[in-house]
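Okay, so here's the structure we're looking at.
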Amino acid sequence: MLNGLSVDIEDWFQVGAFERVIDRAAWDGCESRVERNTQAVLDMFAQAGVVGTFFTLGWVAERHPALICRIVESGHELASHGYDHKRVFLMDADEFRADLAKARDLLEQAGGVKVTGYRAPSFSIDQRTPWAHPVLAEAGYTYSSSVAPIVHDHYGWPQAPRFSFLPVAGSDLVELPVTTARLGSRVLPAGGGGFFRLLPYGLSRWALKQVTEQDERPAILYFHPWEIDPGQPRVPNAPLRSKVRHYTNLGAMAGKLERLLGDFRWGRIDSFVANERARAVAFPVVH
């Protein structure tokens, strides 16, 4: 089973956990570590002989175009993560359309390739944004990986299907939700990020095996370059819960990722989009 390996390219100060304590206007004054951290990810993937999908902020491409070139030249898929990590449910349809266009233009200029995949910041496409998938379809995106079909305090659309679905009638756009696992009647996050970093490796391995062997579907894993950077600056005035979530196990993350890369087969998400579209269920969003 070929699984989707994805990286959400954003800097440590752009995360949702710090959005109320680090103003966007202050970002250019923060120490940027995204280029060195992403290069470490590129080196890790090269060592393991894998390629993946890099969902990248237009804001990062605007300031680090050489990094975008290295991502593409290394054989990875370049995809959009929006412009500046603004959550989709904080925009209206016109703002979202403009955000998509700005980010795609910057990414395609820097990378020299067409961008056809999208992931919403903080998986922020849900029942509050019935216009989001139609806007993506209108813009010509092939797929989105923007839905977390779970209950979470920051995001989540628990009513959405766990696996690929067609959100727009008459469109080829397919939504590929981030991976979840079942434990009894509960649906648990299992696609990476904080779940993978904070909890024991064996739990993630069990969850991914459930999806790939029992459900016979490709898993979609995600993480961020800042998650392998234990030396990043601390934000003392952040809420305690945010600090625990953000800083726990940063020093262990690289080792866990290296183990995971060896235990499963990984590739670019665009390499199995057509197959997943053929298996997708119709789940049109009323808008």
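Residue numbering restarts at 1 in every chain; chains get A, B, ... in the order shown in the structure tokens, and ligands count up from 1 in that same order.
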
Discussion item. Just want the 10 Å neighbourhood of Val273 in chain A, counted on only C-alpha atoms, with same-chain residues fewer than 4 positions away dropped. Output as a ChimeraX atom specification.
Written reply: /A:4,117,142-144,164,173-176,268-269,277-279

Next, dump the selected residues to file, keeping only N, CA and C atoms, as a PDB file, in the first residue's frame.
```
ATOM      1  N   GLY A   4       0.330   8.340   1.678  1.00  0.00           N
ATOM      2  CA  GLY A   4       0.646   9.731   1.379  1.00  0.00           C
ATOM      3  C   GLY A   4       1.468  10.382   2.477  1.00  0.00           C
ATOM      4  N   GLY A 117      -2.949  20.609  -5.721  1.00  0.00           N
ATOM      5  CA  GLY A 117      -3.393  20.088  -4.437  1.00  0.00           C
ATOM      6  C   GLY A 117      -3.459  21.196  -3.401  1.00  0.00           C
ATOM      7  N   THR A 142      -7.251  19.673  -8.201  1.00  0.00           N
ATOM      8  CA  THR A 142      -7.530  18.258  -8.414  1.00  0.00           C
ATOM      9  C   THR A 142      -8.023  17.598  -7.139  1.00  0.00           C
ATOM     10  N   TYR A 143      -7.397  17.977  -6.025  1.00  0.00           N
ATOM     11  CA  TYR A 143      -7.788  17.382  -4.754  1.00  0.00           C
ATOM     12  C   TYR A 143      -7.551  18.369  -3.620  1.00  0.00           C
ATOM     13  N   SER A 144      -8.232  18.090  -2.513  1.00  0.00           N
ATOM     14  CA  SER A 144      -8.028  18.794  -1.252  1.00  0.00           C
ATOM     15  C   SER A 144      -7.785  17.745  -0.177  1.00  0.00           C
ATOM     16  N   SER A 164     -11.957   9.054   1.116  1.00  0.00           N
ATOM     17  CA  SER A 164     -12.157   9.997   0.023  1.00  0.00           C
ATOM     18  C   SER A 164     -13.633  10.201  -0.303  1.00  0.00           C
ATOM     19  N   LEU A 173     -13.200  17.215  -8.341  1.00  0.00           N
ATOM     20  CA  LEU A 173     -12.487  17.504  -7.102  1.00  0.00           C
ATOM     21  C   LEU A 173     -12.767  16.419  -6.067  1.00  0.00           C
ATOM     22  N   VAL A 174     -11.716  15.867  -5.489  1.00  0.00           N
ATOM     23  CA  VAL A 174     -11.872  14.839  -4.465  1.00  0.00           C
ATOM     24  C   VAL A 174     -11.253  15.333  -3.169  1.00  0.00           C
ATOM     25  N   GLU A 175     -11.940  15.104  -2.075  1.00  0.00           N
ATOM     26  CA  GLU A 175     -11.419  15.425  -0.751  1.00  0.00           C
ATOM     27  C   GLU A 175     -10.809  14.162  -0.156  1.00  0.00           C
ATOM     28  N   LEU A 176      -9.586  14.278   0.332  1.00  0.00           N
ATOM     29  CA  LEU A 176      -8.872  13.174   0.959  1.00  0.00           C
ATOM     30  C   LEU A 176      -8.643  13.524   2.429  1.00  0.00           C
ATOM     31  N   ARG A 268       4.050  10.487  -2.904  1.00  0.00           N
ATOM     32  CA  ARG A 268       3.320  11.734  -3.104  1.00  0.00           C
ATOM     33  C   ARG A 268       1.816  11.469  -3.124  1.00  0.00           C
ATOM     34  N   ILE A 269       1.054  12.419  -2.610  1.00  0.00           N
ATOM     35  CA  ILE A 269      -0.400  12.251  -2.610  1.00  0.00           C
ATOM     36  C   ILE A 269      -0.950  12.243  -4.028  1.00  0.00           C
ATOM     37  N   ARG A 277     -10.161   8.818  -6.184  1.00  0.00           N
ATOM     38  CA  ARG A 277     -11.358   9.442  -6.763  1.00  0.00           C
ATOM     39  C   ARG A 277     -12.319   8.360  -7.256  1.00  0.00           C
ATOM     40  N   ALA A 278     -11.767   7.306  -7.845  1.00  0.00           N
ATOM     41  CA  ALA A 278     -12.610   6.222  -8.350  1.00  0.00           C
ATOM     42  C   ALA A 278     -13.335   5.491  -7.218  1.00  0.00           C
ATOM     43  N   ARG A 279     -12.772   5.542  -6.006  1.00  0.00           N
ATOM     44  CA  ARG A 279     -13.374   4.855  -4.857  1.00  0.00           C
ATOM     45  C   ARG A 279     -14.180   5.794  -3.965  1.00  0.00           C
TER      46      ARG A 279
END
```

Would you mind listing what lies within 10 Å of range 190-205 of chain A as a PDB file with C-alpha atoms, in the first residue's frame, with only C-alpha atoms counted and same-chain residues fewer than 6 positions away left out?
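The result, stored in part-v8.pdb:
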```pdb
ATOM      1  CA  GLY A   4       0.646   9.731   1.379  1.00  0.00           C
ATOM      2  CA  LEU A   5       3.581  11.459   3.074  1.00  0.00           C
ATOM      3  CA  SER A   6       2.876  15.153   3.569  1.00  0.00           C
ATOM      4  CA  VAL A   7       4.591  18.119   5.178  1.00  0.00           C
ATOM      5  CA  ASP A   8       2.836  21.379   6.054  1.00  0.00           C
ATOM      6  CA  ALA A 148     -10.347  16.094   9.770  1.00  0.00           C
ATOM      7  CA  PRO A 177      -9.411  13.498   4.723  1.00  0.00           C
ATOM      8  CA  VAL A 178      -6.460  13.155   7.053  1.00  0.00           C
ATOM      9  CA  THR A 179      -6.159   9.624   8.426  1.00  0.00           C
ATOM     10  CA  THR A 180      -8.230   8.451  11.362  1.00  0.00           C
ATOM     11  CA  ALA A 181      -8.565   5.105  13.133  1.00  0.00           C
ATOM     12  CA  ARG A 182     -11.454   3.385  14.888  1.00  0.00           C
ATOM     13  CA  VAL A 211      -6.159   1.714   7.890  1.00  0.00           C
ATOM     14  CA  ALA A 219      -2.951   6.511   5.020  1.00  0.00           C
ATOM     15  CA  ILE A 220      -2.210  10.225   4.823  1.00  0.00           C
ATOM     16  CA  LEU A 221       0.416  11.363   7.320  1.00  0.00           C
ATOM     17  CA  TYR A 222       1.274  14.990   8.006  1.00  0.00           C
ATOM     18  CA  PHE A 223       3.771  16.869  10.142  1.00  0.00           C
ATOM     19  CA  HIS A 224       5.509  20.257  10.228  1.00  0.00           C
ATOM     20  CA  GLU A 227       8.272  19.605  14.917  1.00  0.00           C
ATOM     21  CA  ILE A 228      11.851  18.355  14.452  1.00  0.00           C
ATOM     22  CA  VAL A 244       2.339  21.598  26.036  1.00  0.00           C
ATOM     23  CA  ARG A 245       1.001  20.677  22.616  1.00  0.00           C
ATOM     24  CA  HIS A 246       3.640  22.602  20.710  1.00  0.00           C
ATOM     25  CA  TYR A 247       6.846  21.802  22.596  1.00  0.00           C
ATOM     26  CA  THR A 248       6.365  18.245  23.897  1.00  0.00           C
ATOM     27  CA  ASN A 249       8.657  15.615  22.312  1.00  0.00           C
ATOM     28  CA  LEU A 250      10.283  17.928  19.755  1.00  0.00           C
ATOM     29  CA  GLY A 251      13.574  16.189  20.418  1.00  0.00           C
ATOM     30  CA  ALA A 252      12.098  12.735  19.760  1.00  0.00           C
ATOM     31  CA  MET A 253      10.165  13.560  16.590  1.00  0.00           C
ATOM     32  CA  ALA A 254      12.931  13.015  14.021  1.00  0.00           C
ATOM     33  CA  LYS A 256      10.044   8.555  15.311  1.00  0.00           C
ATOM     34  CA  LEU A 257       9.681   9.799  11.745  1.00  0.00           C
ATOM     35  CA  ARG A 259      11.247   4.716  12.095  1.00  0.00           C
ATOM     36  CA  LEU A 260       7.897   5.348  10.424  1.00  0.00           C
ATOM     37  CA  ASP A 263       7.912   0.681   8.489  1.00  0.00           C
ATOM     38  CA  PHE A 264       5.515   1.772   5.729  1.00  0.00           C
TER      39      PHE A 264
END
```

Report as CSV: every residue of range 23-103 of chain A with an atom at most 12 Å from range 154-158 of chain A, its closest pair of atoms, and their distance in Å to one decimal, counting only C-alpha atoms, with rows sorted by chain and ascending residue number.
```
residue,atom,partner,partner_atom,distance
A:Arg87,CA,A:Tyr155,CA,9.7
A:Val88,CA,A:Tyr155,CA,10.8
A:Phe89,CA,A:Tyr155,CA,9.8
```

Go ahead and dump the residues you just picked, C-alpha atoms, as a PDB file, in the first residue's frame.
```pdb
ATOM      1  CA  ARG A  87      -8.168  29.463   8.777  1.00  0.00           C
ATOM      2  CA  VAL A  88     -10.762  29.009   6.059  1.00  0.00           C
ATOM      3  CA  PHE A  89     -13.723  29.391   8.417  1.00  0.00           C
TER       4      PHE A  89
END
```

Fill in: Non-local contacts of Gln47 in chain A (12 Å; only C-alpha atoms; under 4 positions in same chain excluded) as a ChimeraX atom specification
/A:40-43,51,74,258,261-262

Discussion item. If you run DSSP on the backbone here, which positions in range 34-223 of chain A get strand (DSSP E)? Please write them as a ChimeraX atom specification.
Written reply: /A:53-56,77-80,117-118,143-144,165-166,174-175,180-183,186-189,220-223

How would the residues just picked look written out with N, CA and C atoms as a PDB file, in the first residue's frame?
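As written to disk, part-v2.pdb reads:
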```
ATOM      1  N   THR A  53       4.509  15.051  -0.421  1.00  0.00           N
ATOM      2  CA  THR A  53       3.803  16.264  -0.830  1.00  0.00           C
ATOM      3  C   THR A  53       4.052  17.360   0.194  1.00  0.00           C
ATOM      4  N   PHE A  54       4.483  18.526  -0.274  1.00  0.00           N
ATOM      5  CA  PHE A  54       4.812  19.645   0.596  1.00  0.00           C
ATOM      6  C   PHE A  54       3.752  20.730   0.431  1.00  0.00           C
ATOM      7  N   PHE A  55       2.789  20.755   1.376  1.00  0.00           N
ATOM      8  CA  PHE A  55       1.766  21.803   1.390  1.00  0.00           C
ATOM      9  C   PHE A  55       2.398  23.058   1.978  1.00  0.00           C
ATOM     10  N   THR A  56       2.587  24.057   1.138  1.00  0.00           N
ATOM     11  CA  THR A  56       3.449  25.186   1.488  1.00  0.00           C
ATOM     12  C   THR A  56       2.686  26.504   1.479  1.00  0.00           C
ATOM     13  N   GLU A  77       6.045  16.647  -4.530  1.00  0.00           N
ATOM     14  CA  GLU A  77       4.916  17.411  -5.031  1.00  0.00           C
ATOM     15  C   GLU A  77       4.820  18.730  -4.270  1.00  0.00           C
ATOM     16  N   LEU A  78       4.668  19.823  -5.002  1.00  0.00           N
ATOM     17  CA  LEU A  78       4.444  21.129  -4.406  1.00  0.00           C
ATOM     18  C   LEU A  78       2.948  21.405  -4.417  1.00  0.00           C
ATOM     19  N   ALA A  79       2.379  21.663  -3.246  1.00  0.00           N
ATOM     20  CA  ALA A  79       0.943  21.922  -3.115  1.00  0.00           C
ATOM     21  C   ALA A  79       0.731  23.150  -2.234  1.00  0.00           C
ATOM     22  N   SER A  80      -0.497  23.631  -2.196  1.00  0.00           N
ATOM     23  CA  SER A  80      -0.798  24.886  -1.505  1.00  0.00           C
ATOM     24  C   SER A  80      -1.318  24.658  -0.097  1.00  0.00           C
ATOM     25  N   GLY A 117      -2.949  20.609  -5.721  1.00  0.00           N
ATOM     26  CA  GLY A 117      -3.393  20.088  -4.437  1.00  0.00           C
ATOM     27  C   GLY A 117      -3.459  21.196  -3.401  1.00  0.00           C
ATOM     28  N   TYR A 118      -4.364  21.049  -2.440  1.00  0.00           N
ATOM     29  CA  TYR A 118      -4.557  22.080  -1.415  1.00  0.00           C
ATOM     30  C   TYR A 118      -4.845  21.432  -0.066  1.00  0.00           C
ATOM     31  N   TYR A 143      -7.397  17.977  -6.025  1.00  0.00           N
ATOM     32  CA  TYR A 143      -7.788  17.382  -4.754  1.00  0.00           C
ATOM     33  C   TYR A 143      -7.551  18.369  -3.620  1.00  0.00           C
ATOM     34  N   SER A 144      -8.232  18.090  -2.513  1.00  0.00           N
ATOM     35  CA  SER A 144      -8.028  18.794  -1.252  1.00  0.00           C
ATOM     36  C   SER A 144      -7.785  17.745  -0.177  1.00  0.00           C
ATOM     37  N   PHE A 165     -13.976  11.471  -0.553  1.00  0.00           N
ATOM     38  CA  PHE A 165     -15.342  11.789  -0.951  1.00  0.00           C
ATOM     39  C   PHE A 165     -15.361  12.913  -1.976  1.00  0.00           C
ATOM     40  N   LEU A 166     -16.477  12.959  -2.705  1.00  0.00           N
ATOM     41  CA  LEU A 166     -16.681  13.964  -3.748  1.00  0.00           C
ATOM     42  C   LEU A 166     -17.617  15.031  -3.193  1.00  0.00           C
ATOM     43  N   VAL A 174     -11.716  15.867  -5.489  1.00  0.00           N
ATOM     44  CA  VAL A 174     -11.872  14.839  -4.465  1.00  0.00           C
ATOM     45  C   VAL A 174     -11.253  15.333  -3.169  1.00  0.00           C
ATOM     46  N   GLU A 175     -11.940  15.104  -2.075  1.00  0.00           N
ATOM     47  CA  GLU A 175     -11.419  15.425  -0.751  1.00  0.00           C
ATOM     48  C   GLU A 175     -10.809  14.162  -0.156  1.00  0.00           C
ATOM     49  N   THR A 180      -7.677   8.736  10.040  1.00  0.00           N
ATOM     50  CA  THR A 180      -8.230   8.451  11.362  1.00  0.00           C
ATOM     51  C   THR A 180      -8.286   6.943  11.555  1.00  0.00           C
ATOM     52  N   ALA A 181      -8.418   6.529  12.811  1.00  0.00           N
ATOM     53  CA  ALA A 181      -8.565   5.105  13.133  1.00  0.00           C
ATOM     54  C   ALA A 181      -9.801   4.917  13.995  1.00  0.00           C
ATOM     55  N   ARG A 182     -10.291   3.699  14.049  1.00  0.00           N
ATOM     56  CA  ARG A 182     -11.454   3.385  14.888  1.00  0.00           C
ATOM     57  C   ARG A 182     -11.021   2.613  16.123  1.00  0.00           C
ATOM     58  N   LEU A 183     -11.563   3.013  17.256  1.00  0.00           N
ATOM     59  CA  LEU A 183     -11.400   2.276  18.498  1.00  0.00           C
ATOM     60  C   LEU A 183     -12.796   2.125  19.085  1.00  0.00           C
ATOM     61  N   ARG A 186     -15.465   4.987  18.590  1.00  0.00           N
ATOM     62  CA  ARG A 186     -14.789   6.284  18.510  1.00  0.00           C
ATOM     63  C   ARG A 186     -13.894   6.370  17.274  1.00  0.00           C
ATOM     64  N   VAL A 187     -13.834   7.562  16.692  1.00  0.00           N
ATOM     65  CA  VAL A 187     -12.921   7.852  15.590  1.00  0.00           C
ATOM     66  C   VAL A 187     -11.788   8.698  16.152  1.00  0.00           C
ATOM     67  N   LEU A 188     -10.558   8.222  16.007  1.00  0.00           N
ATOM     68  CA  LEU A 188      -9.399   8.872  16.613  1.00  0.00           C
ATOM     69  C   LEU A 188      -8.488   9.474  15.555  1.00  0.00           C
ATOM     70  N   PRO A 189      -7.876  10.624  15.831  1.00  0.00           N
ATOM     71  CA  PRO A 189      -6.883  11.165  14.906  1.00  0.00           C
ATOM     72  C   PRO A 189      -5.679  10.236  14.836  1.00  0.00           C
ATOM     73  N   ILE A 220      -2.778   8.909   5.136  1.00  0.00           N
ATOM     74  CA  ILE A 220      -2.210  10.225   4.823  1.00  0.00           C
ATOM     75  C   ILE A 220      -1.625  10.787   6.113  1.00  0.00           C
ATOM     76  N   LEU A 221      -0.309  10.857   6.154  1.00  0.00           N
ATOM     77  CA  LEU A 221       0.416  11.363   7.320  1.00  0.00           C
ATOM     78  C   LEU A 221       0.807  12.819   7.080  1.00  0.00           C
ATOM     79  N   TYR A 222       0.779  13.618   8.134  1.00  0.00           N
ATOM     80  CA  TYR A 222       1.274  14.990   8.006  1.00  0.00           C
ATOM     81  C   TYR A 222       2.099  15.367   9.236  1.00  0.00           C
ATOM     82  N   PHE A 223       3.042  16.258   9.035  1.00  0.00           N
ATOM     83  CA  PHE A 223       3.771  16.869  10.142  1.00  0.00           C
ATOM     84  C   PHE A 223       4.326  18.193   9.647  1.00  0.00           C
TER      85      PHE A 223
END
```

Discussion item. Taking the DSSP secondary structure from the backbone, can you list the residues of range 18-196 of chain A that are alpha helix (DSSP H), as a PyMOL selection string?
Written reply: chain A and resi 34-48+58-63+65-73+93-111+132-138+193-196

Item to complete: Find the residues near Pro134 in chain A: any atom within 10 Å, counting only C-alpha atoms, skip ones fewer than 6 places away on the same chain, and give them as a VMD selection string.
Response: chain A and resid 93 140 167 to 169 171 173 284 to 285 287

For the interface of range 50-147 of chain A with range 22-34 of chain A (cut-off 9 Å, counting only C-alpha atoms), please tabulate each contacting residue of range 50-147 of chain A alongside its nearest pair of atoms and their separation in Å to one decimal, rows sorted by chain and increasing number, as JSON lines.
```
{"residue": "A:Val60", "atom": "CA", "partner": "A:Val34", "partner_atom": "CA", "distance": 8.1}
{"residue": "A:His64", "atom": "CA", "partner": "A:Val34", "partner_atom": "CA", "distance": 9.0}
{"residue": "A:Asp84", "atom": "CA", "partner": "A:Arg24", "partner_atom": "CA", "distance": 8.5}
```

Worksheet entry | For Ala110 in chain A: contacts at 7 Å, only C-alpha atoms, fewer than 4 positions along chain excluded, given as a list in words |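 Residues near the query, excluding close chain neighbours: Ala61, Pro65, Ile68, Cys69 and Leu106 of chain A.
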
Practice prompt. Could you tell me which of A:Ala103, A:Arg217, A:Ala207, A:His133 comes closest to Asn275 in chain A if we count only C-alpha atoms?
Written response: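 Checking each candidate against Asn275 in chain A, we get A:Arg217 as the closest.
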
Worksheet item: Interatomic distance between CA of Lys102 in chain A and CA of Glu73 in chain A?
Response: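 Separating CA of Lys102 in chain A from CA of Glu73 in chain A is a distance of 22.5 Å.
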
Practice prompt. Find the residues around Pro121 in chain A up to 8 Å (only C-alpha atoms counted), leave out those fewer than 6 positions away in its own chain, and share them as a list in words.
Written response: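 The residues satisfying every condition are His81, Gly82, His85, Lys86, Arg87, Val88 and Ser146 of chain A.
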
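Going from CA of Asp92 in chain A to CA of Val15 in chain A covers 20.9 Å.
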
Discussion item. Just want the 12 Å neighbourhood of Leu90 in chain A, counted on only C-alpha atoms, with same-chain residues fewer than 6 positions away dropped. Output as a list in words.
Written reply: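 Those residues are Phe96, Asp99, Ala120, Pro121, Ser122, Ser124, Ile125, Asp126, Arg128, Thr129 and Ala132 of chain A.
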